[in-house]
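Colleague: Quick one: the structure is below, questions incoming.
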Number of protein chains: 2
Amino acid sequence: MSSLVMPFEKGSAKMRKLLGGKGANLAEMTNLGVPVPYGFTITTDCCNKFYNEAEEKIWDELKNQIFNNIKDLEQKSGKIFGGNTNPLLVSVRSGASVSMPGMMDTILNLGLNYDTVEALASESNNPRFAWDSFRRFVQMYGNVVMGVSLHSFENEITAIKNKNNFTEDTEISAEQWKEVILQFLNIIEKETGKHFPMNPNDQLLGAVEAVFTSWNADRAIFYRGINAIPHDIGTAVNIQMMVFGNLGETSGTGVCFTRDPSTGENIFYGEYLLNAQGEDVVAGIRTPHQIIKLKDDLPKIYEELIVLRNNLETHFKDMQDIEFTIENEKLFVLQTRTGKRSASASVRIATDMVKENLLTKKEALYRVTDDDIQTLLHPRLDEAEKAKKIALCKGLPASPGGAIGKIVFTSEDAIEAAKHQEKVILVRYETSPEDISGMHASEGILTACGGMTSHAAVVARGMGRPCVSGVSDIKIDEARGVIQVDDLILRKGDIITIDGATGEVFDGKISKLPADISGPFQEILNWAKAEKTLEVRTNADTPTDVAKAVEFGAEGIGLCRTEHMFFEKERIIEVRKMILSEDKETQEHALKEIQNFQKTDFIEIYKILEDKPICIRLLDPPLHEFLPHSNNEIEELASLMKKSPQNIRERIEHLNEVNPMMGHRGCRLLLTIPSLLEAQVHAILSAAQETQKENVEIMIPLIATLGEFTSLKTRIQAVAKEYADVNFKIGTMIETPRACLRSEDIQKHAEFFSFGTNDLTQMTFGFSRDDMGKFLPEYLKQGILKNDPFQVVDTEGVGGLMKKVLSTLPENFKTSVCGEHGGEGKSIEFFNKIGIKTISCSPFRVPVAIVAAGRCA
Amino acid sequence: MSSLVMPFEKGSAKMRKLLGGKGANLAEMTNLGVPVPYGFTITTDCCNKFYNEAEEKIWDELKNQIFNNIKDLEQKSGKIFGGNTNPLLVSVRSGASVSMPGMMDTILNLGLNYDTVEALASESNNPRFAWDSFRRFVQMYGNVVMGVSLHSFENEITAIKNKNNFTEDTEISAEQWKEVILQFLNIIEKETGKHFPMNPNDQLLGAVEAVFTSWNADRAIFYRGINAIPHDIGTAVNIQMMVFGNLGETSGTGVCFTRDPSTGENIFYGEYLLNAQGEDVVAGIRTPHQIIKLKDDLPKIYEELIVLRNNLETHFKDMQDIEFTIENEKLFVLQTRTGKRSASASVRIATDMVKENLLTKKEALYRVTDDDIQTLLHPRLDEAEKAKKIALCKGLPASPGGAIGKIVFTSEDAIEAAKHQEKVILVRYETSPEDISGMHASEGILTACGGMTSHAAVVARGMGRPCVSGVSDIKIDEARGVIQVDDLILRKGDIITIDGATGEVFDGKISKLPADISGPFQEILNWAKAEKTLEVRTNADTPTDVAKAVEFGAEGIGLCRTEHMFFEKERIIEVRKMILSEDKETQEHALKEIQNFQKTDFIEIYKILEDKPICIRLLDPPLHEFLPHSNNEIEELASLMKKSPQNIRERIEHLNEVNPMMGHRGCRLLLTIPSLLEAQVHAILSAAQETQKENVEIMIPLIATLGEFTSLKTRIQAVAKEYADVNFKIGTMIETPRACLRSEDIQKHAEFFSFGTNDLTQMTFGFSRDDMGKFLPEYLKQGILKNDPFQVVDTEGVGGLMKKVLSTLPENFKTSVCGEHGGEGKSIEFFNKIGIKTISCSPFRVPVAIVAAGRCA
């Protein structure tokens, strides 16, 4: 039979199934020549045998192999397990082939008892440290292996602190820890009826058994159930020598990065402390030294680190974050992992590594995240300054960038302030389409309600305005002009700062750094453009946005929402007249006005686009979205229309809907009010005729049945007879589950499909994106969802429907995605894989989409 | 080649493709010995040849065959086409193998000209009739064949009426019609540049060509597009001899039924007039005779009709409605079709025919419609009395039965009135769950908003209360306590009558007839029970409803909505405390109270059910549905909870949702507030333990992911450990598209599935059933939808998802449908076909479901 236990140097990264993820990684590192502390792995086979054959006991052969390996550890380390001098201490960790919450926690310092603790005390010359380590081990073992509640232990520590008027654990002396340990041992005996094992061998077997047992803990079983992980893959157990950096002036501990994580510069970067443990660095009592000084202190170790730095970068082809400990002039690496870095560093490192021939251009694209690109595109808050402040409250990071300004509560106030060059943050319960001008006039937007794809979030991202949404801890009292967070009251005019990249909200001002679209950024973008096969378009509907998107590299417009053209002041009046007037003549006149406005817009947009394609979606939202809400506006409109405000209110009430998302909108509106469709088609086609625009695509929203599409197509074609020389295509959004199910019929009549993955996600799950803030956090926490499905496309449900649709289409049928997912990396990878040809996203996501498309080409 | 033209006696019902539907039917009748007027059919092949080979002209061979058949008609009838005496007149009708709007209308009286009209005048001794017939022919032909707008003709008739101060067409004399005809001929010449054809042969060929041409009219092409009807199946043309009942005292016309259409009694029933046309009967100037008198007037004809009556019933095995004309002592049947009948007659005829060995029991089930059963189950309005009144306005027939009562606007008023035995109609903009007691206390419900599956409609059907919903013409002003329809104002306390079977609303009182569940009704129900294989359960949640459903034959409860138990006065207070209180203790106390209430209810329901199964759905609606709306209630609650009304209002506002249908409800609520689930499971299982109830099924609502289900299942099982001796199953609603798509995984963990076809329809289409009233009527009118998908299940979209789910299930997996569709005949047929095992519907639909299940077994 295969060996039950395997030293790190005998394993490899490929043996993940047998060694678990952690074990395979430790083996790989060891074989790479990284001096990880010696250790071995008890294989997953053992866990299965433990349950299937061994009656949940550690059987003899396994015991033998474990202790043989402990002997091997003793030889390698020159230490003795349970020894009165130079004692070998180990850590015990679980590790399945997939990571799994609910499994046993790490046990450190195993091997300590009343003998070995004294050795540790004298060798470290630090009895307090030794007895605290023993105390921690007893506590951890007592809880994890022997099942005593942590609560009982913590009560004891609190008691001793109260007795001595201590506030911190660090104030407790070695002698006092000894007392505490005695209490702990008493508690354990009382609660379990068993002695705490003082024999290191018993300690070790107990810990291994506890890891195996934790495999079938309720929470682990539950987690496997939700995630469809088989119950018979078992967990491995990793046993590794403990090393200590506090055994004298030839010991120490530190952290280094293979490049500067904040600028990306190719220099060795890090800090260390001699005669110290990791926690001493964290505690901040001693100031660590720059890594370069180690060259003087311990030149051999420094050389080793430099070699390691080069080897690891060559191997991993990425910047590494290395934690190390020096024990008596011997270097041990506790961990090496891909280093966290700033967005600028990320781009700099990726491009540098291409120049150093460490990466291909395509590989470099994988090193730049969506968030990196987003961050660089927007002005950011000064991190150093931010670190000194505590956030008032936190919402969702709805649109990146930092914004500072005075609080205003209405779009009117925002517009007024903009006239005086005043910077404001628009604070609202939630925004509605009539707030668009107000949002434009603001530095940033904060909403108390709504998710990552709420109106505020989507529009803000489209405009490139920072936005924090769904700040549920904030109470807004518009009438009184105040907001309240806990006991703090802020008033209209007070300055706040929001960080749209993190969702944080701060009282007062934090400085801003400019956007950083420097050389490396452009290089990455160019490489991605060269690689990618997906067409990347933009969702834009104003000349400003279109120009911005084209500058960012958009190859056309994938979604031009005609309704966004309806909201400017003089236009919205006409739209409202059209909706509310009861005589045909006024309606027709208003429609004609709207048509003229739209035509002007289209001409301007067509000119910016030149020969790039444009896909125009016909009116989608329900009519009530265009109606006024405030009493002022209602009265103004009433006097303009020579009606009573009561009359206007009744109409608004009449148009109101219980579930507007599934109400009278999209093609349903066009089918019941055909003149609305006709006016838009006239505007689109007459503008095309005047500018000789090619590549115009007209898109019908929200169909669920073939009849809706063919009926509207016929109407569009009837209008188009007047513009015989304009070439255009007619297609449809695919955004209801039923349209997906009936795509085979629909495709016969349509010239293109564009997946509206926002609405499709809403209807497939039955999740209202405006309301899901109330349960999404809990879903993510419980692991029921891995991601917000409105950010990362749900490949199983929504993706399943998309694949079904694609399987019914002829080879060259044009397909695209124009939901928010069209600007998200993982989703783009999925779309590319299933055969989508075009993606479209808001202007500020275009660079993200280009890089993602380059990656997955 | 096959003959291009076929006399009726040579065709048959099987030749539908060649002869079209109408032609095949006329052939079948002729072969049955029914004396239909002689005629022939030009086949659909000719239409195709007309387009494909003949350059859209009538070619010679076809011409020859048409005129040969006209000769044949002349011989059979003894009349002459274009003859100066005894002229043969014909009708020309289109007829494809599927019926198709947009095709050419009928042309009558073809063959009339200035010669033949004189012959008709003298033979009928009625010049006015003859000239009016000619005028109609010219008008019809001028419009349909020659393309002159009807408007032009109508202007002429209006002009002559104005000149003579006539109000009715019937006042125009023969001489005046002659004048009109001259004007018509002028108009035709002026508008078309062509003479009106006076030669009957030319008239005939023109009409045939017009039928063929109408095959490719825009509207017909459009209709075929929407309905996926091939464009190459062509239309046939039917040419049939005209007969006249007004040629003297041995001529006449009448209508008869083979049984009494109002009682179902097996007697010959009908009426006739001698020397008259059908329109004379309709005009009501002469009073028709009972059919029995024909025995004296024309005994031979009477005998012929008696023979025909027996033959037709034997052949069609159903009651027939026969239109006949007698021309010079010769009987012609113009039409025979299944006769319309009252609900009681329907049941009586079906059961009688089984006894007469005309039908098998199974066939009899097909003769009773869903509406018949519904009608008989409820008290109805007196039709005779109703006929004398004009409806104030009309809404949707949301729940059948007639109700009379005083108007009230609030549930409180309804409950108050019920205490004094006053009958009231609850009139609301729309109802919400807190109106349930008020609805119970009312005779009927009227809502201005909402569709056939709105809250009011669903609850009213469940209770068996008549309901008219979506009466959009009504304006409700609750504050003033009035409703307004046009200029009529009704006040609280005024009496109205509603007809839930038709949607009509009447001012004042109409008498009511009792429900009619007599012998034949029970017979039908018993036969259906014997036939059916589907299990029929009910959706019920109060002891009263459960008892009613069991009485009607329900085999268990398919959907017990726990939330309905929350709305009674003392309970709703606890529910509101649970939702709104911020301290845990009050919440837990409230939950405990709710648990006790529910336990009591379950015990009562279990006892009524005895060993019948019950499927209990855990709490489904969003919490805000339980909260008060009116200021009174909010203030009352605030004082009870010792909070400020403002505080309560803020909480309500906070819980409010944009799209509650897709919001924080169902399993999403249970996952975020586990104590809510636990209290319900305790109530369900402790009641089962106390009553030793078996067959309890716990159903989790609204899942979209496997994790939601397994997570809640684990929680239920944890609670169930306290009730180890209770056997129960855990399953889930399948009501989101995503649950359908992921059913293969979910079924591994669930013990049953119940399709919630209401929500599934909402999400598959993206149609909010509360809002679709704004576009559904237009969709039905345009033929985009054939049915309201919330009434008749959408077999293509929703049904496609259901089939997909069923294909992933192991053989004996329990499946059911508990949406509104579970009580609708066509839907039940579909469910049975795809392999559903159980259906469940509201108590008053149970008999409907049983009969439907019997039919499709």
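Identifiers in the structure tokens: chain A, B, ... in order shown; residue index from 1 per chain; ligand index from 1 in order shown.
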What's around Ala387 of chain B at 12 Å? Count only C-alpha atoms, leave out sequence neighbours fewer than 4 positions away in its own chain, and write the answer as a list of chain:residue names.
Modeller: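 Near neighbours after the sequence-gap exclusion: B:Leu381, B:Asp382, B:Glu383, B:Ala391, B:Glu504, B:Phe506, B:Ile510, B:Ser511.
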Colleague: Could you pull out the residues in segment 664-750 of chain A that DSSP calls alpha helix (DSSP H) from the backbone, as a ChimeraX atom specification?
Modeller: /A:667-672,674-691,706-720,737-741,743-747
Colleague: Name all residues at most 9 Å from segment 373-379 of chain B (count only C-alpha atoms; drop same-chain ones fewer than 2 positions away) and give them as a VMD selection string.
Modeller: chain B and resid 343 to 344 347 368 to 371 381 400 to 403 464 to 466 501 512 to 518 521 844 to 845 847 to 848 851
Colleague: Near Leu273 of chain B, within 10 Å and counting only C-alpha atoms, which residues show up once chain neighbours fewer than 6 positions away are dropped, as a ChimeraX atom specification?
Modeller: /B:245-246,249,251-255,280-281,286-291,294,325-326
Colleague: Could you dump the residues just selected with N, CA, C and O atoms as an mmCIF file, in the first residue's frame?
Modeller:
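Wrote selection_2.cif, looks like this:
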```cif
data_model
loop_
_atom_site.group_PDB
_atom_site.id
_atom_site.type_symbol
_atom_site.label_atom_id
_atom_site.label_comp_id
_atom_site.auth_asym_id
_atom_site.auth_seq_id
_atom_site.Cartn_x
_atom_site.Cartn_y
_atom_site.Cartn_z
ATOM 1 N N GLY B 245 -86.166 32.172 -47.623
ATOM 2 C CA GLY B 245 -87.334 31.702 -46.885
ATOM 3 C C GLY B 245 -88.536 32.612 -47.072
ATOM 4 O O GLY B 245 -89.588 32.385 -46.501
ATOM 5 N N ASN B 246 -88.377 33.637 -47.886
ATOM 6 C CA ASN B 246 -89.463 34.612 -48.011
ATOM 7 C C ASN B 246 -90.107 34.587 -49.388
ATOM 8 O O ASN B 246 -90.510 35.594 -49.931
ATOM 9 N N GLU B 249 -95.871 31.337 -48.671
ATOM 10 C CA GLU B 249 -96.314 30.654 -47.455
ATOM 11 C C GLU B 249 -95.793 29.225 -47.350
ATOM 12 O O GLU B 249 -95.991 28.566 -46.335
ATOM 13 N N SER B 251 -92.595 28.809 -47.821
ATOM 14 C CA SER B 251 -91.201 29.063 -47.450
ATOM 15 C C SER B 251 -91.162 29.562 -46.005
ATOM 16 O O SER B 251 -92.212 29.913 -45.451
ATOM 17 N N GLY B 252 -89.947 29.557 -45.434
ATOM 18 C CA GLY B 252 -89.842 30.037 -44.054
ATOM 19 C C GLY B 252 -88.434 29.853 -43.522
ATOM 20 O O GLY B 252 -87.531 29.392 -44.227
ATOM 21 N N THR B 253 -88.282 30.231 -42.254
ATOM 22 C CA THR B 253 -86.953 30.120 -41.661
ATOM 23 C C THR B 253 -87.076 29.886 -40.164
ATOM 24 O O THR B 253 -88.098 30.258 -39.575
ATOM 25 N N GLY B 254 -86.085 29.241 -39.572
ATOM 26 C CA GLY B 254 -86.187 28.980 -38.137
ATOM 27 C C GLY B 254 -84.881 28.487 -37.540
ATOM 28 O O GLY B 254 -83.889 28.280 -38.231
ATOM 29 N N VAL B 255 -84.929 28.357 -36.239
ATOM 30 C CA VAL B 255 -83.774 27.850 -35.483
ATOM 31 C C VAL B 255 -84.301 26.814 -34.516
ATOM 32 O O VAL B 255 -85.342 27.039 -33.890
ATOM 33 N N ASP B 280 -85.740 38.718 -40.320
ATOM 34 C CA ASP B 280 -87.082 39.064 -39.828
ATOM 35 C C ASP B 280 -87.269 38.532 -38.411
ATOM 36 O O ASP B 280 -87.931 39.157 -37.587
ATOM 37 N N VAL B 281 -86.688 37.336 -38.164
ATOM 38 C CA VAL B 281 -86.788 36.762 -36.826
ATOM 39 C C VAL B 281 -86.044 37.653 -35.825
ATOM 40 O O VAL B 281 -86.554 38.008 -34.772
ATOM 41 N N ARG B 286 -92.221 40.387 -36.086
ATOM 42 C CA ARG B 286 -93.192 39.289 -36.026
ATOM 43 C C ARG B 286 -92.772 38.305 -34.933
ATOM 44 O O ARG B 286 -91.581 38.097 -34.724
ATOM 45 N N THR B 287 -93.736 37.720 -34.247
ATOM 46 C CA THR B 287 -93.404 36.771 -33.177
ATOM 47 C C THR B 287 -93.320 35.367 -33.746
ATOM 48 O O THR B 287 -94.279 34.879 -34.362
ATOM 49 N N PRO B 288 -92.192 34.706 -33.610
ATOM 50 C CA PRO B 288 -92.061 33.363 -34.188
ATOM 51 C C PRO B 288 -92.952 32.355 -33.466
ATOM 52 O O PRO B 288 -93.344 32.567 -32.320
ATOM 53 N N HIS B 289 -93.248 31.234 -34.159
ATOM 54 C CA HIS B 289 -94.057 30.156 -33.566
ATOM 55 C C HIS B 289 -93.164 29.114 -32.938
ATOM 56 O O HIS B 289 -92.029 28.907 -33.367
ATOM 57 N N GLN B 290 -93.746 28.420 -31.946
ATOM 58 C CA GLN B 290 -93.064 27.248 -31.395
ATOM 59 C C GLN B 290 -92.948 26.204 -32.484
ATOM 60 O O GLN B 290 -93.833 26.044 -33.325
ATOM 61 N N ILE B 291 -91.846 25.423 -32.427
ATOM 62 C CA ILE B 291 -91.542 24.502 -33.516
ATOM 63 C C ILE B 291 -92.660 23.469 -33.734
ATOM 64 O O ILE B 291 -92.922 23.045 -34.860
ATOM 65 N N LEU B 294 -95.168 23.702 -36.559
ATOM 66 C CA LEU B 294 -94.756 23.406 -37.933
ATOM 67 C C LEU B 294 -95.371 22.083 -38.387
ATOM 68 O O LEU B 294 -95.593 21.862 -39.579
ATOM 69 N N THR B 325 -83.749 26.934 -43.446
ATOM 70 C CA THR B 325 -84.606 27.752 -44.294
ATOM 71 C C THR B 325 -85.428 26.785 -45.152
ATOM 72 O O THR B 325 -84.927 25.742 -45.581
ATOM 73 N N ILE B 326 -86.710 27.154 -45.334
ATOM 74 C CA ILE B 326 -87.556 26.349 -46.213
ATOM 75 C C ILE B 326 -87.819 27.190 -47.455
ATOM 76 O O ILE B 326 -88.258 28.337 -47.337
#
```
Colleague: With only C-alpha atoms considered, list every residue of chain B at most 8 Å from chain A, as a PyMOL selection string.
Modeller: chain B and resi 222+225-227+657-664+668-669+671-672+704-708+710-711+714+736-739+741-742+762-768+770-772+774-775+778+783-785+796-798+800
Colleague: Based on the selection just made, write C-alpha atoms of those residues as a compact mmCIF listing (two decimals), in the first residue's frame.
Modeller:
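Ended up saving to part-v9.txt:
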```txt
# COMPACT_ATOMS: atom_id res chain seq x y z
CA PHE B 222 -48.66 39.00 -40.32
CA GLY B 225 -45.93 35.08 -39.04
CA ILE B 226 -46.98 35.37 -35.41
CA ASN B 227 -48.60 31.95 -35.41
CA GLU B 657 -39.59 47.12 -1.46
CA VAL B 658 -39.37 48.26 -5.05
CA ASN B 659 -40.32 44.86 -6.47
CA PRO B 660 -41.74 42.89 -3.57
CA MET B 661 -42.47 39.91 -5.79
CA MET B 662 -38.74 39.42 -6.23
CA GLY B 663 -37.72 40.75 -2.87
CA HIS B 664 -37.01 39.59 0.64
CA ARG B 668 -34.72 34.36 1.71
CA LEU B 669 -36.64 35.43 4.79
CA LEU B 671 -32.46 32.15 5.84
CA THR B 672 -32.03 35.61 7.32
CA ALA B 704 -33.22 29.45 -6.66
CA THR B 705 -30.11 27.60 -5.53
CA LEU B 706 -29.31 24.24 -4.01
CA GLY B 707 -27.64 25.93 -1.04
CA GLU B 708 -30.86 27.63 0.02
CA THR B 710 -29.87 22.28 1.92
CA SER B 711 -29.27 25.05 4.41
CA THR B 714 -30.55 21.16 7.85
CA THR B 736 -38.07 30.27 -10.03
CA PRO B 737 -36.59 29.58 -13.47
CA ARG B 738 -33.25 28.90 -11.81
CA ALA B 739 -34.68 26.17 -9.61
CA LEU B 741 -32.54 24.81 -14.42
CA ARG B 742 -30.78 23.30 -11.39
CA GLN B 762 -44.29 35.67 -13.51
CA MET B 763 -40.56 35.14 -13.68
CA THR B 764 -40.44 33.21 -16.94
CA PHE B 765 -42.28 35.96 -18.79
CA GLY B 766 -41.20 38.76 -16.51
CA PHE B 767 -44.90 39.59 -16.09
CA SER B 768 -46.06 40.95 -12.75
CA ASP B 770 -50.57 42.57 -10.34
CA ASP B 771 -49.59 44.93 -13.14
CA MET B 772 -50.19 43.08 -16.38
CA LYS B 774 -52.26 47.34 -18.35
CA PHE B 775 -51.12 45.34 -21.37
CA GLU B 778 -53.96 44.37 -25.88
CA GLY B 783 -53.11 37.53 -30.71
CA ILE B 784 -49.63 37.80 -29.18
CA LEU B 785 -50.93 35.62 -26.40
CA GLU B 796 -44.12 26.38 -24.46
CA GLY B 797 -42.20 28.51 -21.97
CA VAL B 798 -43.27 27.58 -18.45
CA GLY B 800 -40.87 23.72 -21.31
```
Colleague: Near Ile483 of chain B, within 9 Å and counting only C-alpha atoms, which residues show up once chain neighbours fewer than 6 positions away are dropped, as a CSV table (one decimal) with N, CA, C and O atoms, in the first residue's frame?
Modeller:
```
chain,number,residue,atom,x,y,z
B,427,VAL,N,-65.4,47.2,-1.5
B,427,VAL,CA,-64.9,47.9,-2.7
B,427,VAL,C,-63.5,48.5,-2.3
B,427,VAL,O,-63.4,49.3,-1.4
B,474,ILE,N,-63.8,52.6,-12.7
B,474,ILE,CA,-64.3,53.1,-11.5
B,474,ILE,C,-63.2,53.9,-10.8
B,474,ILE,O,-62.1,53.6,-10.8
B,475,LYS,N,-63.7,55.1,-10.3
B,475,LYS,CA,-62.8,55.9,-9.5
B,475,LYS,C,-63.2,55.8,-8.0
B,475,LYS,O,-64.3,56.1,-7.7
B,476,ILE,N,-62.3,55.3,-7.2
B,476,ILE,CA,-62.6,55.2,-5.8
B,476,ILE,C,-62.0,56.3,-5.0
B,476,ILE,O,-60.8,56.6,-5.1
B,477,ASP,N,-62.8,57.0,-4.2
B,477,ASP,CA,-62.3,58.0,-3.3
B,477,ASP,C,-62.7,57.6,-1.9
B,477,ASP,O,-63.8,57.9,-1.4
B,489,ILE,N,-72.4,58.9,-9.2
B,489,ILE,CA,-71.7,58.8,-7.9
B,489,ILE,C,-72.4,57.8,-7.0
B,489,ILE,O,-73.6,58.0,-6.8
B,490,LEU,N,-71.7,56.8,-6.4
B,490,LEU,CA,-72.3,55.9,-5.4
B,490,LEU,C,-71.6,56.1,-4.1
B,490,LEU,O,-70.4,56.4,-4.1
B,491,ARG,N,-72.4,56.0,-3.0
B,491,ARG,CA,-71.8,56.3,-1.7
B,491,ARG,C,-71.8,55.0,-0.9
B,491,ARG,O,-72.5,54.0,-1.2
B,492,LYS,N,-71.0,55.0,0.1
B,492,LYS,CA,-71.0,54.0,1.1
B,492,LYS,C,-72.4,53.7,1.6
B,492,LYS,O,-73.2,54.7,1.9
```
Colleague: If I take atom CA of Leu305 of chain A and atom CA of Lys79 of chain A, how far is one from the other in Å, to one decimal?
Modeller: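 If I compute the distance from atom CA of Leu305 of chain A to atom CA of Lys79 of chain A, I get 24.4 Å.
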Colleague: Using only C-alpha atoms for the distances, tell me which of A:Gly493, A:Pro299, A:Pro230, A:Gly503 is nearest to Gly395 of chain A.
Modeller: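 Closest residue, counting only C-alpha atoms: A:Gly503.
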Colleague: So which bits of segment 563-795 of chain A end up strand (DSSP E) when you DSSP the backbone, as a list in words?
Modeller: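 After running DSSP on the backbone, segment 563-795 of chain A has strand (DSSP E) at Ile614, Cys615, Ile616, Arg617, Val696, Glu697, Ile698, Met699, Ile700, Phe728, Lys729, Ile730, Gly731, Thr732, Met733, Ile734, Phe752, Phe753, Ser754 and Phe755 of chain A.
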Colleague: Can you spit out the residues from that selection as a CSV table (one decimal), in the first residue's frame, using N, CA and C atoms?
Modeller:
```csv
chain,number,residue,atom,x,y,z
A,614,ILE,N,-23.6,51.1,-33.9
A,614,ILE,CA,-24.3,51.6,-32.8
A,614,ILE,C,-25.6,50.7,-32.7
A,615,CYS,N,-25.9,50.2,-31.5
A,615,CYS,CA,-27.1,49.4,-31.2
A,615,CYS,C,-28.0,50.2,-30.3
A,616,ILE,N,-29.1,50.6,-30.8
A,616,ILE,CA,-30.0,51.5,-30.1
A,616,ILE,C,-31.2,50.7,-29.6
A,617,ARG,N,-31.4,50.7,-28.3
A,617,ARG,CA,-32.5,50.0,-27.7
A,617,ARG,C,-33.7,51.0,-27.6
A,696,VAL,N,-26.3,50.8,-38.2
A,696,VAL,CA,-27.2,51.1,-37.1
A,696,VAL,C,-28.0,49.9,-36.8
A,697,GLU,N,-28.2,49.6,-35.6
A,697,GLU,CA,-28.9,48.4,-35.1
A,697,GLU,C,-30.0,48.8,-34.2
A,698,ILE,N,-31.3,48.4,-34.5
A,698,ILE,CA,-32.4,48.8,-33.6
A,698,ILE,C,-32.8,47.6,-32.8
A,699,MET,N,-32.9,47.8,-31.5
A,699,MET,CA,-33.0,46.6,-30.6
A,699,MET,C,-34.3,46.8,-29.8
A,700,ILE,N,-35.1,45.7,-29.8
A,700,ILE,CA,-36.4,45.7,-29.1
A,700,ILE,C,-36.2,45.1,-27.7
A,728,PHE,N,-30.1,49.2,-42.0
A,728,PHE,CA,-30.1,48.9,-40.5
A,728,PHE,C,-30.5,47.5,-40.2
A,729,LYS,N,-30.3,47.1,-39.0
A,729,LYS,CA,-30.7,45.7,-38.6
A,729,LYS,C,-31.7,45.8,-37.5
A,730,ILE,N,-32.5,44.8,-37.4
A,730,ILE,CA,-33.5,44.7,-36.3
A,730,ILE,C,-33.2,43.5,-35.5
A,731,GLY,N,-33.0,43.7,-34.2
A,731,GLY,CA,-32.7,42.5,-33.3
A,731,GLY,C,-33.4,42.7,-32.0
A,732,THR,N,-33.1,41.9,-31.1
A,732,THR,CA,-33.8,42.0,-29.8
A,732,THR,C,-32.9,41.7,-28.6
A,733,MET,N,-33.2,42.3,-27.5
A,733,MET,CA,-32.6,41.9,-26.2
A,733,MET,C,-33.1,40.5,-25.9
A,734,ILE,N,-32.3,39.7,-25.3
A,734,ILE,CA,-32.7,38.4,-24.7
A,734,ILE,C,-32.5,38.6,-23.2
A,752,PHE,N,-30.0,40.0,-34.8
A,752,PHE,CA,-29.0,39.9,-33.7
A,752,PHE,C,-29.7,39.7,-32.4
A,753,PHE,N,-29.0,39.1,-31.4
A,753,PHE,CA,-29.4,39.0,-30.1
A,753,PHE,C,-28.4,39.8,-29.2
A,754,SER,N,-28.9,40.5,-28.2
A,754,SER,CA,-28.1,41.0,-27.2
A,754,SER,C,-28.6,40.5,-25.8
A,755,PHE,N,-27.8,39.8,-25.1
A,755,PHE,CA,-28.3,39.3,-23.8
A,755,PHE,C,-28.3,40.5,-22.8
```
Colleague: Contacts of Val817 of chain B at 9 Å or less, counting only C-alpha atoms, minus same-chain residues fewer than 3 places along, as a list in words?
Modeller: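 These residues fall inside the cut-off: Gly558, Phe753, Ser754, Phe755, Gly756, Thr757, Glu820, His821, Gly822, Phe831, Ile836, Lys837, Thr838, Ile839, Ser840 and Cys841 of chain B.
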Colleague: Show which residues sit within 12 Å of Lys833 of chain B, as a PyMOL selection string. Count only C-alpha atoms, and ignore same-chain residues fewer than 5 positions away.
Modeller: chain B and resi 533-534+795+799+802-803+806+826-828+853+855-857
